[in-house]
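Enquirer: Quick one: structure below, then a few questions.
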Protein chains: 2
Amino acid sequence: MMRVSGGVTAAKGFTASGASAGIKRSRKPDMALVVSEAPAVCAATFTTNRVKAAPVLLSQRRVRTGLARAVFLNSGCANCMTGEPGLRDAVVLSRQAAKALGVPERQVLVASTGLIGRRLPVARMQRVMPSLVQRLSRSGHRRAAQGILTTDLKTKETAVAERIGGRVCHLGGMAKGAGMIAPSMATMLCVLTTDAAVDRGLLQDTLREAVERSFNRISVDGDMSTNDTVFLLANGRSGARVRRGTESARRFAAMAQAVTRHLASLLVKDGEGATRVATIGVLGARTGAEALACARRIASSSLVRTMLAGGEPNVGRIAAAAGASSARFRPEELEMHIQGHLVVRRGIAVRLGKTLARQLFAPREVAIQLHLHAGRGRAAVTACDLTAEYVRINANYQT
Amino acid sequence: MMRVSGGVTAAKGFTASGASAGIKRSRKPDMALVVSEAPAVCAATFTTNRVKAAPVLLSQRRVRTGLARAVFLNSGCANCMTGEPGLRDAVVLSRQAAKALGVPERQVLVASTGLIGRRLPVARMQRVMPSLVQRLSRSGHRRAAQGILTTDLKTKETAVAERIGGRVCHLGGMAKGAGMIAPSMATMLCVLTTDAAVDRGLLQDTLREAVERSFNRISVDGDMSTNDTVFLLANGRSGARVRRGTESARRFAAMAQAVTRHLASLLVKDGEGATRVATIGVLGARTGAEALACARRIASSSLVRTMLAGGEPNVGRIAAAAGASSARFRPEELEMHIQGHLVVRRGIAVRLGKTLARQLFAPREVAIQLHLHAGRGRAAVTACDLTAEYVRINANYQT
């Protein structure tokens with residue numbers, strides 16, 4: 001497998017574009033379009049929040065048809081808690097895109113991100129739609145990736161190429177993250193495209209598995225969004241056929257995982273206000289589920305995350321979060337390493353000198369590993385720190 | 001019932017004192033002693049964290065005897081993750097206190113709060129113990145209340161008097177809070193005393209109920225401490241007898257609830273870095289448990305809490321937290337009021353003008369009420385905001 005450039009248009013037969021409709025006050029790009037030249041098999045995962053945005057409700061319905069030609073996205077406004085009128089707004093915009101592209105309306109998927117509780121400025125967006133369609137190109141991936149950002153500082157794109165059945169195929173994508181990122185669901189917007197030919201069931205299974213191992217293993221602030229959406233479109237243009245239970249399926253799954261994991265790592269590093277990232281590994285739990293629950297509890301602890309922002313480890317906070325999780329273990333057998341250095345032995349904190357303590361937290365990425373000595377379950381979650389900048393961003397976030 | 005002064009020594013037959021042993025670098029009081037002149041029936045609740053500090057393990061054992069004469073507490077060091085040596089330290093100090101007081105060692109309860117993973121400076125504490133005992137007095141309640149503070153800005157004391165069976169009796173106490181305050185457990189140190197005569201079973205039931213309705217209804221940061229302890233000592237010195245199933249038990253329970261609720265409200269207002277407090281009421285849930293789960297999820301959301309720190313409500317964040325909780329409801333029926341003002345009607349956000357939005361968040365205490373229209377369950381949780389000051393305190397907290 002090789003990393004390649006091109007993001008969401010790295011795969012053959014996909015084009016993309018981005019534009020500004022002034023939804024964001026900053027006048028930065030806030031609309032994006034991704035189009036497949038041929039009908040693509042589509043898979044998706046959505047937020048598990050009971051409160052779902054209008055575009056989520058609409059896309060959930062449309063994904064059931066199994067085919068998609070385009071994804072229309074916007075940032076700056078989540079189109080959530082807008083009721084039936086909000087749903088109509090999403091329909092109207094997708095209809096306009098469908099007409100301009102000459103594709104069936106039901107094959108246009110939609111996604112929004114931004115402030116909750118505001119209606120989309122539909123008229124302004126409609127005025128920009130023609131130029132969004134006109135500008136579609138292979139090189140539009142970067143502008144499309146810009147069009148979905150909110151408080152993100154950087155665009156998030158990646159793609160890989162791999163040989164399947166003698167043909168080179170591609171899988172790539174773009175994502176946005178920053179805030180309302182919590183484990184246990186796909187908490188962001190992400191569009192993935194591939195030129196492999198994959199049937200719908202296998203495509204959905206591959207996506208679900210990849211999301212579980214990537215986006216569901218990161219935590220920014222423990223909050224769950226109303227708009228989370230991941231799409232994967234497969235148009236078959238490479239001629240590479242992926243079949244369940246064969247080497248081709250294994251390779252394709254590896255591609256999906258490489259891309260989603262890379263995007264997930266970009267998401268957590270660009271978490272709101274983030275200055276340091278920690279990967280929390282839990283070994284020796286009674287089950288994999290308990291290991292994951294333990295790692296997630298640590299990753300979302302405010303005290304662990306402010307500790308990450310500070311200059312020194314505080315093993316008590318990590319152990320207290322582990323002890324408050326549902327993982328069963330004997331505290332007197334707990335072992336912990338930070339950056340490979342033993343910091344808790346048989347439940348007792350090892351006294352670290354000031355110099356060593358600071359050294360352990362000098363890097364921008366640190367590894368924290370707990371061994372519960374209760375079984376063979378293991379899991380890892382990546383978290384970013386909680387800084388005054390996160391508070392500043394979120395205390396003032398209106399529009 | 002009347003509010004009276006005197007805190008933990010408002011009840012007859014109790015004395016208290018505080019002193020500094022230099023456990024805290026600040027040289028502020030860091031040791032406290034509360035003593036009953038006669039053996040007192042005792043009740044207690046402790047942290048449910050798997051990782052428990054040495055003083056919790058020791059006090060859990062001693063509380064089983066049902067009688068206590070004294071509580072010895074310290075701040076600045078949690079004596080947690082210190083293994084067998086830490087347990088021995090707690091035993092050694094309680095033994096010294098017992099000898100100086102002339103009471104059985106098993107009747108001395110202990111509690112610690114502060115940094116996890118450090119041993120107590122036993123020798124220094126032993127040198128201060130004699131003067132701590134010498135200074136015991138009815139007026140020592142305030143110094144005792146100072147001796148248990150960590151990052152708290154204010155001491156937390158309260159007491160009430162009530163007539164039971166023709167006799168005036170008292171119930172009062174002191175508490176510390178500030179950080180690692182999460183719902184679902186008694187997350188702080190608290191010593192309560194009363195001169196009512198209450199048998200052990202009823203005392204424990206009354207305490208458990210009072211804690212459930214007070215300390216378990218607040219949230220500062222969602223983190224669960226390893227040291228949480230609430231003691232209630234009843235020495236019977238008022239001559240007022242409390243009997244199960246009678247008016248006396250009802251009055252006594254009301255006293256316990258008044259005191260614990262007042263202390264809980266002081267705790268949340270003095271949460272680390274707190275500038276604004278919100279009481280989140282949930283009505284119309286399918287069950288009381290679902291109402292509570294919903295209120296807690298909102299109260300511990302980072303995005304809701306940074307919103308509280310900012311100047312304007314963002315109903316999307318509140319609704320998103322509700323939707324991510326285990327409470328079952330139809331989003332299109334959600335109704336929300338802030339300060340009595342309708343902000344969400346049938347799941348749709350009501351557009352607020354800038355002026356009104358700012359007015360709603362002008363007070364330092366705000367009321368947020370959700371109606372789920374799914375049943376009759378109701379609950380309320382009080383939370384404080386998440387500020388840059390919280391991050392500053394916790395990024396730098398190393399004694």
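In the structure tokens, chains take letters A, B, ... by order of appearance, with residues numbered from 1 within each chain and ligands from 1 in the order shown.
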Residues within 7 Å of Gly172 in chain A, please, as JSON, numbers by chain. Count only C-alpha atoms; anything in the same chain fewer than 5 positions from it doesn't count.

Expert: {"A": [7, 8, 10, 11, 158, 159, 160, 192, 193, 194, 259]}

Enquirer: What would the file look like if the residues just selected were written as a PDB file, in the first residue's frame with C-alpha atoms?

Expert:
ATOM      1  CA  GLY A   7      -7.514  13.300  -0.888  1.00  0.00           C
ATOM      2  CA  VAL A   8     -11.155  12.808  -1.776  1.00  0.00           C
ATOM      3  CA  ALA A  10      -7.457  10.501  -5.476  1.00  0.00           C
ATOM      4  CA  ALA A  11      -9.779   7.742  -6.711  1.00  0.00           C
ATOM      5  CA  THR A 158      -5.340  11.544   2.949  1.00  0.00           C
ATOM      6  CA  ALA A 159      -5.352   8.764   0.345  1.00  0.00           C
ATOM      7  CA  VAL A 160      -3.718   5.442  -0.427  1.00  0.00           C
ATOM      8  CA  LEU A 192     -14.321   8.734   1.584  1.00  0.00           C
ATOM      9  CA  THR A 193     -14.151   7.705  -2.062  1.00  0.00           C
ATOM     10  CA  THR A 194     -12.705   4.684  -3.829  1.00  0.00           C
ATOM     11  CA  VAL A 259      -7.140   6.153   5.602  1.00  0.00           C
TER      12      VAL A 259
END

Enquirer: Can you check which parts of chain B lie within 8 Å of chain A? Per residue, the shortest pair of atoms and distance in Å to one decimal, counting only C-alpha atoms, sorted by chain and number, as a Markdown table.

Expert:
| residue | atom | partner | partner_atom | distance |
| --- | --- | --- | --- | --- |
| B:Thr48 | CA | A:Ala324 | CA | 7.5 |
| B:Asn49 | CA | A:Ala324 | CA | 4.9 |
| B:Arg50 | CA | A:Gly323 | CA | 4.5 |
| B:Val51 | CA | A:Gly323 | CA | 5.0 |
| B:Cys80 | CA | A:Gly316 | CA | 7.8 |
| B:Met81 | CA | A:Ile348 | CA | 4.6 |
| B:Thr82 | CA | A:Ile348 | CA | 5.0 |
| B:Gly83 | CA | A:Ile348 | CA | 5.6 |
| B:Leu115 | CA | A:Gly316 | CA | 7.6 |
| B:Ile116 | CA | A:Gly316 | CA | 4.8 |
| B:Gly117 | CA | A:Ala349 | CA | 4.9 |
| B:Arg118 | CA | A:Ala349 | CA | 7.5 |
| B:Met180 | CA | A:Leu303 | CA | 7.5 |
| B:Asp221 | CA | A:Ser302 | CA | 6.4 |
| B:Gly222 | CA | A:Ser301 | CA | 7.3 |
| B:Asp223 | CA | A:Ser301 | CA | 6.2 |
| B:Met224 | CA | A:Ala324 | CA | 6.2 |
| B:Ser225 | CA | A:Ala320 | CA | 6.4 |
| B:Thr226 | CA | A:Ala320 | CA | 6.1 |
| B:Ser301 | CA | A:Asp223 | CA | 6.2 |
| B:Ser302 | CA | A:Asp221 | CA | 6.3 |
| B:Leu303 | CA | A:Asn394 | CA | 6.6 |
| B:Thr306 | CA | A:Ala395 | CA | 4.9 |
| B:Met307 | CA | A:Ala395 | CA | 4.9 |
| B:Leu308 | CA | A:Ala395 | CA | 7.4 |
| B:Ala309 | CA | A:Ala395 | CA | 5.8 |
| B:Gly310 | CA | A:Ala395 | CA | 4.1 |
| B:Gly311 | CA | A:Ala395 | CA | 7.4 |
| B:Asn314 | CA | A:Ile116 | CA | 7.9 |
| B:Val315 | CA | A:Gly117 | CA | 7.3 |
| B:Gly316 | CA | A:Ile116 | CA | 4.8 |
| B:Arg317 | CA | A:Ile116 | CA | 7.6 |
| B:Ala319 | CA | A:Val51 | CA | 7.0 |
| B:Ala320 | CA | A:Thr226 | CA | 6.1 |
| B:Ala321 | CA | A:Asp223 | CA | 6.9 |
| B:Gly323 | CA | A:Arg50 | CA | 4.5 |
| B:Ala324 | CA | A:Asn49 | CA | 4.9 |
| B:Phe329 | CA | A:Arg50 | CA | 7.8 |
| B:Arg330 | CA | A:Arg50 | CA | 7.7 |
| B:Pro331 | CA | A:Val51 | CA | 5.5 |
| B:Glu332 | CA | A:Gly83 | CA | 7.3 |
| B:Gly347 | CA | A:Met81 | CA | 5.7 |
| B:Ile348 | CA | A:Met81 | CA | 4.6 |
| B:Ala349 | CA | A:Gly117 | CA | 4.9 |
| B:Val350 | CA | A:Gly117 | CA | 7.7 |
| B:Arg351 | CA | A:Arg118 | CA | 7.7 |
| B:Leu386 | CA | A:Val391 | CA | 7.1 |
| B:Thr387 | CA | A:Val391 | CA | 6.0 |
| B:Ala388 | CA | A:Ala388 | CA | 4.4 |
| B:Glu389 | CA | A:Ala388 | CA | 7.6 |
| B:Val391 | CA | A:Thr306 | CA | 5.7 |
| B:Arg392 | CA | A:Ala388 | CA | 7.2 |
| B:Asn394 | CA | A:Thr306 | CA | 5.7 |
| B:Ala395 | CA | A:Gly310 | CA | 4.1 |
| B:Asn396 | CA | A:Gly310 | CA | 5.9 |

Enquirer: Can you work out which one of A:Val4, A:Leu93, A:Leu233, A:Leu171 has the shortest atom-to-atom distance to Ala38 in chain A, counting only C-alpha atoms?

Expert: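 The closest residue to Ala38 in chain A is A:Leu233.
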
Enquirer: As JSON, numbers by chain, please: the residues near Leu202 in chain A (cut-off 10 Å, only C-alpha atoms, same-chain neighbours under 5 positions excluded).

Expert: {"A": [43, 207, 208, 242, 243, 244, 245, 249, 253]}

Enquirer: Output the selection as a short mmCIF file (atom, residue, chain, number, x, y, z; two decimals), in the first residue's frame - C-alpha atoms for each residue.

Expert:
data_model
loop_
_atom_site.label_atom_id
_atom_site.label_comp_id
_atom_site.auth_asym_id
_atom_site.auth_seq_id
_atom_site.Cartn_x
_atom_site.Cartn_y
_atom_site.Cartn_z
CA ALA A 43 -22.05 3.07 2.72
CA LEU A 207 -16.64 1.01 6.65
CA ARG A 208 -18.20 0.09 10.01
CA VAL A 242 -13.28 -6.63 -4.15
CA ARG A 243 -14.90 -9.93 -3.11
CA ARG A 244 -15.83 -10.98 0.43
CA GLY A 245 -13.60 -13.60 2.02
CA ALA A 249 -11.31 -7.86 0.74
CA ALA A 253 -10.12 -3.30 4.50
#

Enquirer: Give the answer as one residue: which of A:Gln126, A:Thr287, A:Thr355, A:Thr279 has the shortest atom-to-atom distance to Thr382 in chain A, using only C-alpha atoms?

Expert: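 Answer, going by the shortest atom-to-atom distance: A:Thr279.
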
Enquirer: Can you tell me, as number ranges by chain, which residues in range 164-297 of chain A count as strand (DSSP E or B) by DSSP?

Expert: A: 164, 167-176, 189-194, 197-198, 218-219, 229-234, 241-242, 277-285

Enquirer: Which parts of range 156-399 of chain B does DSSP call helix (DSSP H, G or I) when run on the backbone here, written out as an MDAnalysis selection string?

Expert: chainID B and resid 200:212 215:217 247:269 288:299 302:309 315:324 331:333 354:360 388:395

Enquirer: For Glu247 in chain B, list every protein, DNA or RNA residue within 12 Å, evaluated using only C-alpha atoms, and leave out those in the same chain fewer than 4 positions away; present the list as a ChimeraX atom specification.

Expert: /B:163-166,241-243,251-254

Enquirer: Leaving out Gln257 in chain A and any residue of its chain fewer than 6 positions from it, which residues lie within 9 Å of it when counting only C-alpha atoms, given as number ranges by chain?

Expert: A: 206-207, 209-211, 213-214

Enquirer: Leaving out Ala98 in chain B and any residue of its chain fewer than 5 positions from it, which residues lie within 10 Å of it when counting only C-alpha atoms, given as a list in words?

Expert: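 Everything that qualifies: Arg69, Ala70, Phe72, Val92, Leu93, Val103, Pro104, Glu105, Arg106, Gln107, Val108, Leu109 and Val133 of chain B.
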
Enquirer: If you measure from CA of Gly236 in chain A to CA of Ala40 in chain A, what distance in Å do you get, rounded to one decimal?

Expert: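 Atom-to-atom, CA of Gly236 in chain A to CA of Ala40 in chain A, that is 7.5 Å.
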
Enquirer: Smallest atom-to-atom distance to Leu57 in chain B: which of B:Met31, B:Ala21, B:Leu352, B:Leu87, using only C-alpha atoms?

Expert: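 For Leu57 in chain B, the nearest of the given residues is B:Leu87.
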
Enquirer: State, in Å with one decimal place, the distance from CA of Ser17 in chain A to CA of Ser139 in chain A.

Expert: 8.2 Å

Enquirer: Please identify all polymer residues within 10 Å of Pro363 in chain B, counting only C-alpha atoms, omitting same-chain residues fewer than 4 positions from it, and present them as a ChimeraX atom specification.

Expert: /B:276-278,339,358-359,367
